[in-house]
$ cat final.csv   # CSV, N, CA and C atoms
chain,number,residue,atom,x,y,z
A,28,MET,N,71.0,105.5,136.3
A,28,MET,CA,71.4,106.8,136.9
A,28,MET,C,72.7,106.6,137.7
A,29,SER,N,73.7,107.5,137.5
A,29,SER,CA,74.9,107.4,138.3
A,29,SER,C,75.1,108.6,139.1
A,30,THR,N,75.8,108.5,140.2
A,30,THR,CA,76.2,109.6,141.0
A,30,THR,C,77.6,109.6,141.3
A,31,ALA,N,78.2,110.7,141.5
A,31,ALA,CA,79.7,110.7,141.8
A,31,ALA,C,80.0,111.9,142.8
A,32,ASP,N,80.9,111.7,143.6
A,32,ASP,CA,81.4,112.8,144.4
A,32,ASP,C,82.9,112.6,144.6
A,33,ALA,N,83.6,113.4,145.4
A,33,ALA,CA,85.0,113.3,145.6
A,33,ALA,C,85.5,111.9,146.0
A,34,ALA,N,84.6,111.2,146.8
A,34,ALA,CA,85.0,109.9,147.3
A,34,ALA,C,84.9,108.8,146.3
A,35,GLY,N,84.2,108.9,145.2
A,35,GLY,CA,84.1,107.9,144.3
A,35,GLY,C,82.8,108.1,143.4
A,36,SER,N,82.5,107.0,142.7
A,36,SER,CA,81.2,107.1,141.9
A,36,SER,C,80.5,105.8,142.1
A,37,TRP,N,79.2,105.8,142.0
A,37,TRP,CA,78.3,104.7,142.1
A,37,TRP,C,77.3,104.6,141.0
A,38,GLU,N,76.9,103.4,140.7
A,38,GLU,CA,75.9,103.2,139.7
A,38,GLU,C,74.6,102.8,140.4
A,39,LEU,N,73.6,103.5,140.2
A,39,LEU,CA,72.3,103.2,140.8
A,39,LEU,C,71.3,102.9,139.7
A,40,VAL,N,70.4,102.0,139.9
A,40,VAL,CA,69.4,101.6,138.9
A,40,VAL,C,68.0,102.1,139.3
A,41,VAL,N,67.4,102.9,138.5
A,41,VAL,CA,66.1,103.4,138.7
A,41,VAL,C,65.1,102.4,138.3
A,42,GLY,N,64.2,102.0,139.2
A,42,GLY,CA,63.2,100.9,138.9
A,42,GLY,C,62.1,101.4,137.9
A,43,PRO,N,61.3,100.5,137.5
A,43,PRO,CA,60.3,100.8,136.5
A,43,PRO,C,59.3,101.9,137.0
A,44,GLU,N,59.1,101.9,138.3
A,44,GLU,CA,58.2,102.9,138.9
A,44,GLU,C,58.8,104.2,139.1
A,45,GLY,N,60.1,104.4,138.8
A,45,GLY,CA,60.8,105.6,138.9
A,45,GLY,C,61.6,105.8,140.3
A,46,SER,N,61.7,104.8,141.1
A,46,SER,CA,62.4,105.0,142.3
A,46,SER,C,63.7,104.1,142.4
A,47,VAL,N,64.6,104.5,143.3
A,47,VAL,CA,65.8,103.7,143.5
A,47,VAL,C,65.6,102.8,144.7
A,48,PRO,N,65.8,101.5,144.6
A,48,PRO,CA,65.5,100.6,145.7
A,48,PRO,C,66.3,101.0,146.9
A,49,ALA,N,65.7,100.9,148.1
A,49,ALA,CA,66.3,101.3,149.4
A,49,ALA,C,67.6,100.6,149.6
A,50,GLU,N,67.7,99.3,149.2
A,50,GLU,CA,69.0,98.6,149.5
A,50,GLU,C,70.2,99.2,148.7
A,51,GLN,N,69.9,99.7,147.5
A,51,GLN,CA,71.0,100.4,146.8
A,51,GLN,C,71.5,101.6,147.5
A,52,LEU,N,70.6,102.4,148.1
A,52,LEU,CA,70.9,103.6,148.8
A,52,LEU,C,71.6,103.2,150.2
A,53,ALA,N,71.1,102.2,150.8
A,53,ALA,CA,71.6,101.8,152.1
A,53,ALA,C,73.1,101.4,152.0
A,54,ARG,N,73.5,100.7,150.9
A,54,ARG,CA,74.9,100.2,150.8
A,54,ARG,C,75.8,101.4,150.6
A,55,LEU,N,75.2,102.6,150.2
A,55,LEU,CA,76.0,103.8,150.1
A,55,LEU,C,76.0,104.6,151.4
A,56,GLY,N,75.3,104.1,152.4
A,56,GLY,CA,75.2,104.9,153.6
A,56,GLY,C,74.2,105.9,153.7
A,57,VAL,N,73.2,105.9,152.7
A,57,VAL,CA,72.1,106.9,152.7
A,57,VAL,C,71.0,106.4,153.6
A,58,ALA,N,70.7,107.1,154.6
A,58,ALA,CA,69.6,106.8,155.6
A,58,ALA,C,68.3,107.1,155.1
A,59,PRO,N,67.2,106.4,155.5
A,59,PRO,CA,65.9,106.8,155.1
A,59,PRO,C,65.5,108.2,155.5
A,60,GLY,N,64.9,108.9,154.7
A,60,GLY,CA,64.5,110.3,154.9
A,60,GLY,C,65.6,111.3,154.5
A,61,ALA,N,66.8,110.8,154.0
A,61,ALA,CA,67.8,111.7,153.6
A,61,ALA,C,67.4,112.4,152.3
A,62,HIS,N,67.9,113.6,152.1
A,62,HIS,CA,67.6,114.4,150.9
A,62,HIS,C,68.8,114.2,149.9
A,63,LEU,N,68.4,113.8,148.7
A,63,LEU,CA,69.5,113.6,147.7
A,63,LEU,C,69.3,114.6,146.6
A,64,ARG,N,70.4,115.0,146.0
A,64,ARG,CA,70.4,115.9,144.9
A,64,ARG,C,70.9,115.2,143.6
A,65,VAL,N,70.1,115.1,142.6
A,65,VAL,CA,70.5,114.4,141.3
A,65,VAL,C,71.0,115.4,140.4
A,66,VAL,N,72.2,115.1,139.8
A,66,VAL,CA,72.8,116.0,138.8
A,66,VAL,C,73.0,115.2,137.5
A,67,SER,N,72.5,115.8,136.5
A,67,SER,CA,72.6,115.1,135.2
A,67,SER,C,74.1,115.1,134.7
A,68,ASN,N,74.4,114.2,133.9
A,68,ASN,CA,75.7,114.1,133.3
A,68,ASN,C,75.6,114.4,131.8
A,69,PRO,N,75.8,115.6,131.3
A,69,PRO,CA,75.6,116.0,129.9
A,69,PRO,C,76.4,115.1,129.0
A,70,ALA,N,77.5,114.7,129.4
A,70,ALA,CA,78.4,113.8,128.5
A,70,ALA,C,77.6,112.5,128.2
A,71,SER,N,77.1,111.9,129.2
A,71,SER,CA,76.4,110.6,129.0
A,71,SER,C,75.1,110.8,128.2
A,72,GLU,N,74.4,111.9,128.4
A,72,GLU,CA,73.2,112.2,127.7
A,72,GLU,C,73.5,112.3,126.2
A,73,SER,N,74.5,113.0,125.9
A,73,SER,CA,74.8,113.3,124.5
A,73,SER,C,75.3,112.0,123.8
A,74,THR,N,76.0,111.1,124.5
A,74,THR,CA,76.5,109.9,123.9
A,74,THR,C,75.4,108.9,123.8
A,75,ALA,N,74.4,108.9,124.7
A,75,ALA,CA,73.3,107.9,124.6
A,75,ALA,C,72.4,108.2,123.4
A,76,ALA,N,72.3,109.5,123.0
A,76,ALA,CA,71.4,109.8,121.9
A,76,ALA,C,72.2,109.7,120.6
A,77,ARG,N,73.5,109.6,120.6
A,77,ARG,CA,74.3,109.6,119.4
A,77,ARG,C,74.1,108.2,118.7
A,78,LYS,N,73.8,108.3,117.4
A,78,LYS,CA,73.7,107.1,116.6
A,78,LYS,C,74.9,106.8,115.8
A,79,SER,N,75.8,107.8,115.6
A,79,SER,CA,77.0,107.7,114.8
A,79,SER,C,78.1,108.5,115.5
A,80,LEU,N,79.3,108.1,115.2
A,80,LEU,CA,80.5,108.7,115.7
A,80,LEU,C,81.0,109.8,114.8
A,81,ALA,N,80.3,110.0,113.6
A,81,ALA,CA,80.8,111.0,112.7
A,81,ALA,C,80.7,112.4,113.3
A,82,GLY,N,81.8,113.1,113.3
A,82,GLY,CA,81.8,114.5,113.8
A,82,GLY,C,82.1,114.6,115.3
A,83,VAL,N,82.4,113.5,116.0
A,83,VAL,CA,82.6,113.5,117.4
A,83,VAL,C,83.9,114.3,117.8
A,84,LEU,N,84.9,114.2,116.9
A,84,LEU,CA,86.2,114.9,117.2
A,84,LEU,C,86.3,116.2,116.5
A,85,ARG,N,85.3,116.7,115.8
A,85,ARG,CA,85.3,118.0,115.1
A,85,ARG,C,85.6,119.0,116.2
A,86,ASP,N,86.5,119.9,115.8
A,86,ASP,CA,87.0,121.0,116.7
A,86,ASP,C,87.8,120.6,117.9
A,87,ARG,N,88.1,119.3,118.0
A,87,ARG,CA,88.9,118.8,119.1
A,87,ARG,C,90.4,118.6,118.7
A,88,ILE,N,90.6,118.4,117.4
A,88,ILE,CA,91.9,118.1,116.9
A,88,ILE,C,92.2,119.3,115.9
A,89,ASP,N,93.4,119.9,116.1
A,89,ASP,CA,93.7,121.0,115.2
A,89,ASP,C,94.1,120.5,113.8
A,90,ASP,N,94.0,121.3,112.8
A,90,ASP,CA,94.3,120.9,111.4
A,90,ASP,C,95.7,120.5,111.2
A,91,ALA,N,96.6,121.2,111.8
A,91,ALA,CA,98.1,121.0,111.7
A,91,ALA,C,98.4,119.6,112.2
A,92,ALA,N,97.8,119.2,113.3
A,92,ALA,CA,98.1,117.8,113.9
A,92,ALA,C,97.5,116.8,113.0
A,93,LEU,N,96.4,117.0,112.4
A,93,LEU,CA,95.8,116.0,111.5
A,93,LEU,C,96.6,115.9,110.2
A,94,ASP,N,97.1,117.0,109.7
A,94,ASP,CA,98.0,117.0,108.6
A,94,ASP,C,99.3,116.2,108.8
A,95,ARG,N,99.9,116.4,110.0
A,95,ARG,CA,101.1,115.6,110.4
A,95,ARG,C,100.8,114.1,110.5
A,96,PHE,N,99.6,113.8,111.0
A,96,PHE,CA,99.2,112.4,111.1
A,96,PHE,C,99.0,111.8,109.8
A,97,ASP,N,98.4,112.5,108.9
A,97,ASP,CA,98.2,112.0,107.5
A,97,ASP,C,99.5,111.8,106.8
A,98,ALA,N,100.4,112.7,107.0
A,98,ALA,CA,101.7,112.7,106.3
A,98,ALA,C,102.5,111.5,106.8
A,99,ALA,N,102.4,111.2,108.2
A,99,ALA,CA,103.1,110.1,108.7
A,99,ALA,C,102.6,108.8,108.2
A,100,LEU,N,101.3,108.7,108.1
A,100,LEU,CA,100.7,107.5,107.5
A,100,LEU,C,101.1,107.2,106.1
A,101,ALA,N,101.1,108.3,105.3
A,101,ALA,CA,101.5,108.2,103.9
A,101,ALA,C,102.9,107.8,103.8
A,102,ALA,N,103.8,108.3,104.7
A,102,ALA,CA,105.2,108.1,104.6
A,102,ALA,C,105.6,106.6,104.8
A,103,ASN,N,104.9,105.9,105.7
A,103,ASN,CA,105.2,104.5,106.0
A,103,ASN,C,104.2,103.5,105.5
A,104,ARG,N,103.3,103.9,104.5
A,104,ARG,CA,102.3,103.1,104.0
A,104,ARG,C,102.8,101.8,103.4
A,105,GLN,N,103.8,101.9,102.6
A,105,GLN,CA,104.4,100.6,102.0
A,105,GLN,C,105.0,99.7,103.0
A,106,GLU,N,105.6,100.3,104.0
A,106,GLU,CA,106.2,99.5,105.1
A,106,GLU,C,105.1,98.7,105.9
A,107,ARG,N,104.0,99.4,106.2
A,107,ARG,CA,102.9,98.7,106.9
A,107,ARG,C,102.3,97.6,106.0
A,108,ILE,N,102.2,97.9,104.7
A,108,ILE,CA,101.6,96.9,103.8
A,108,ILE,C,102.5,95.7,103.8
A,109,ALA,N,103.8,95.9,103.7
A,109,ALA,CA,104.8,94.8,103.6
A,109,ALA,C,104.8,94.0,104.9
A,110,ARG,N,104.6,94.6,106.0
A,110,ARG,CA,104.6,93.9,107.3
A,110,ARG,C,103.3,93.0,107.4
A,111,VAL,N,102.2,93.5,107.0
A,111,VAL,CA,101.0,92.7,107.0
A,111,VAL,C,101.1,91.5,106.0
A,112,GLU,N,101.7,91.8,104.9
A,112,GLU,CA,101.9,90.6,103.9
A,112,GLU,C,102.8,89.6,104.5
A,113,GLU,N,103.9,90.0,105.2
A,113,GLU,CA,104.8,89.0,105.8
A,113,GLU,C,104.1,88.2,106.9
A,114,THR,N,103.3,88.9,107.7
A,114,THR,CA,102.6,88.3,108.8
A,114,THR,C,101.5,87.4,108.4
A,115,CYS,N,100.7,87.8,107.4
A,115,CYS,CA,99.5,87.1,107.0
A,115,CYS,C,99.7,86.3,105.8
A,116,GLY,N,100.8,86.5,105.1
A,116,GLY,CA,101.1,85.7,103.9
A,116,GLY,C,100.4,86.2,102.7

$ encode --input "final.csv" --output "C-alpha coordinates"
Amino acid sequence: MSTADAAGSWELVVGPEGSVPAEQLARLGVAPGAHLRVVSNPASESTAARKSLAGVLRDRIDDAALDRFDAALAANRQERIARVEETCG
(Lines of atoms letter the chains of each structure in order from A and count residues from 1; the text may use other names and numbers.)
(Lines give C-alpha, C1' and ligand atoms only; values in the text may rest on other atoms or scores of the structure.)
Protein backbone atom coordinates (compact mmCIF):
# COMPACT_ATOMS: atom_id res chain seq x y z
CA MET A 1 0.00 0.00 0.00
CA SER A 2 1.34 3.48 -0.81
CA THR A 3 0.18 6.85 0.30
CA ALA A 4 1.04 10.27 -1.04
CA ASP A 5 0.36 13.89 -0.21
CA ALA A 6 1.80 17.24 -1.22
CA ALA A 7 4.83 16.71 1.03
CA GLY A 8 5.88 13.43 -0.60
CA SER A 9 4.99 9.79 -0.88
CA TRP A 10 5.65 6.79 1.30
CA GLU A 11 5.59 3.06 0.83
CA LEU A 12 3.79 1.13 3.59
CA VAL A 13 3.62 -2.65 3.83
CA VAL A 14 0.37 -4.26 4.97
CA GLY A 15 1.11 -7.29 7.14
CA PRO A 16 -0.43 -10.74 6.66
CA GLU A 17 -3.10 -9.96 9.28
CA GLY A 18 -4.13 -6.83 7.33
CA SER A 19 -2.54 -4.13 9.48
CA VAL A 20 0.32 -1.70 9.01
CA PRO A 21 3.03 -2.05 11.69
CA ALA A 22 3.07 0.82 14.20
CA GLU A 23 6.77 1.56 13.55
CA GLN A 24 6.04 2.28 9.88
CA LEU A 25 3.36 4.78 10.86
CA ALA A 26 5.49 6.29 13.64
CA ARG A 27 8.34 7.13 11.26
CA LEU A 28 5.81 9.18 9.27
CA GLY A 29 4.73 11.05 12.37
CA VAL A 30 1.38 9.28 12.74
CA ALA A 31 0.44 9.06 16.42
CA PRO A 32 -1.48 6.15 17.96
CA GLY A 33 -5.22 6.71 17.65
CA ALA A 34 -4.90 8.92 14.56
CA HIS A 35 -7.48 8.42 11.82
CA LEU A 36 -6.11 7.64 8.37
CA ARG A 37 -7.84 7.80 5.01
CA VAL A 38 -6.77 5.20 2.43
CA VAL A 39 -7.09 6.20 -1.22
CA SER A 40 -6.69 3.62 -3.95
CA ASN A 41 -4.42 4.29 -6.89
CA PRO A 42 -6.34 3.18 -10.01
CA ALA A 43 -3.20 3.36 -12.15
CA SER A 44 -1.34 0.82 -10.02
CA GLU A 45 -4.39 -1.43 -9.79
CA SER A 46 -4.77 -1.59 -13.56
CA THR A 47 -1.06 -2.25 -14.14
CA ALA A 48 -0.89 -4.92 -11.44
CA ALA A 49 -3.64 -6.92 -13.15
CA ARG A 50 -2.17 -6.45 -16.64
CA LYS A 51 -0.51 -9.54 -18.12
CA SER A 52 0.43 -7.92 -21.43
CA LEU A 53 1.38 -4.49 -22.70
CA ALA A 54 -0.69 -4.93 -25.85
CA GLY A 55 -3.05 -2.00 -26.24
CA VAL A 56 -1.58 0.11 -23.42
CA LEU A 57 -1.01 3.11 -25.70
CA ARG A 58 -4.21 2.74 -27.70
CA ASP A 59 -5.93 6.13 -27.98
CA ARG A 60 -2.90 7.88 -26.45
CA ILE A 61 -0.96 8.41 -29.68
CA ASP A 62 -2.68 10.01 -32.63
CA ASP A 63 -2.53 8.25 -36.01
CA ALA A 64 -0.69 11.12 -37.73
CA ALA A 65 2.17 10.97 -35.20
CA LEU A 66 2.42 7.21 -35.60
CA ASP A 67 2.49 7.55 -39.38
CA ARG A 68 5.33 10.12 -39.13
CA PHE A 69 7.25 7.78 -36.82
CA ASP A 70 6.82 4.85 -39.23
CA ALA A 71 7.94 7.00 -42.17
CA ALA A 72 11.04 8.17 -40.29
CA LEU A 73 11.97 4.58 -39.44
CA ALA A 74 11.50 3.48 -43.04
CA ALA A 75 13.53 6.42 -44.35
CA ASN A 76 16.67 5.60 -42.39
CA ARG A 77 16.34 1.81 -42.19
CA GLN A 78 19.35 1.07 -44.40
CA GLU A 79 21.48 3.57 -42.47
CA ARG A 80 20.59 1.89 -39.15
CA ILE A 81 21.34 -1.56 -40.58
CA ALA A 82 24.73 -0.37 -41.90
CA ARG A 83 25.62 1.16 -38.53
CA VAL A 84 24.84 -2.09 -36.72
CA GLU A 85 26.88 -4.10 -39.23
CA GLU A 86 29.84 -1.74 -38.77
CA THR A 87 29.62 -1.96 -35.00
CA CYS A 88 28.93 -5.68 -34.64
CA GLY A 89 30.77 -6.94 -37.71

$ residues_near_point --input "final.csv" --point "(72.4, 106.2, 147.0)" --cutoff "10 Å" --atoms "only C-alpha atoms" --output "list of chain:residue names"
A:Ser29, A:Thr30, A:Trp37, A:Glu38, A:Leu39, A:Val40, A:Val47, A:Pro48, A:Ala49, A:Glu50, A:Gln51, A:Leu52, A:Ala53, A:Arg54, A:Leu55, A:Gly56, A:Val57, A:Ala58, A:Ala61, A:Leu63

$ atom_distance --input "final.csv" --atom1 "atom C of Phe96 in chain A" --atom2 "atom C of Lys78 in chain A"
25.3 Å

$ atom_distance --input "final.csv" --atom1 "CA of Arg77 in chain A" --atom2 "CA of Asp90 in chain A"
24.3 Å

$ atom_distance --input "final.csv" --atom1 "atom C of Gly116 in chain A" --atom2 "atom N of Asn103 in chain A"
20.4 Å

$ select_by_dssp --input "final.csv" --residues "chain A" --states "alpha helix (DSSP H)" --output "PyMOL selection string"
chain A and resi 49-53+69-76+90-102+104-115

$ select_by_dssp --input "final.csv" --residues "chain A" --states "strand (DSSP E)" --output "number ranges by chain"
A: 29-32, 35-38
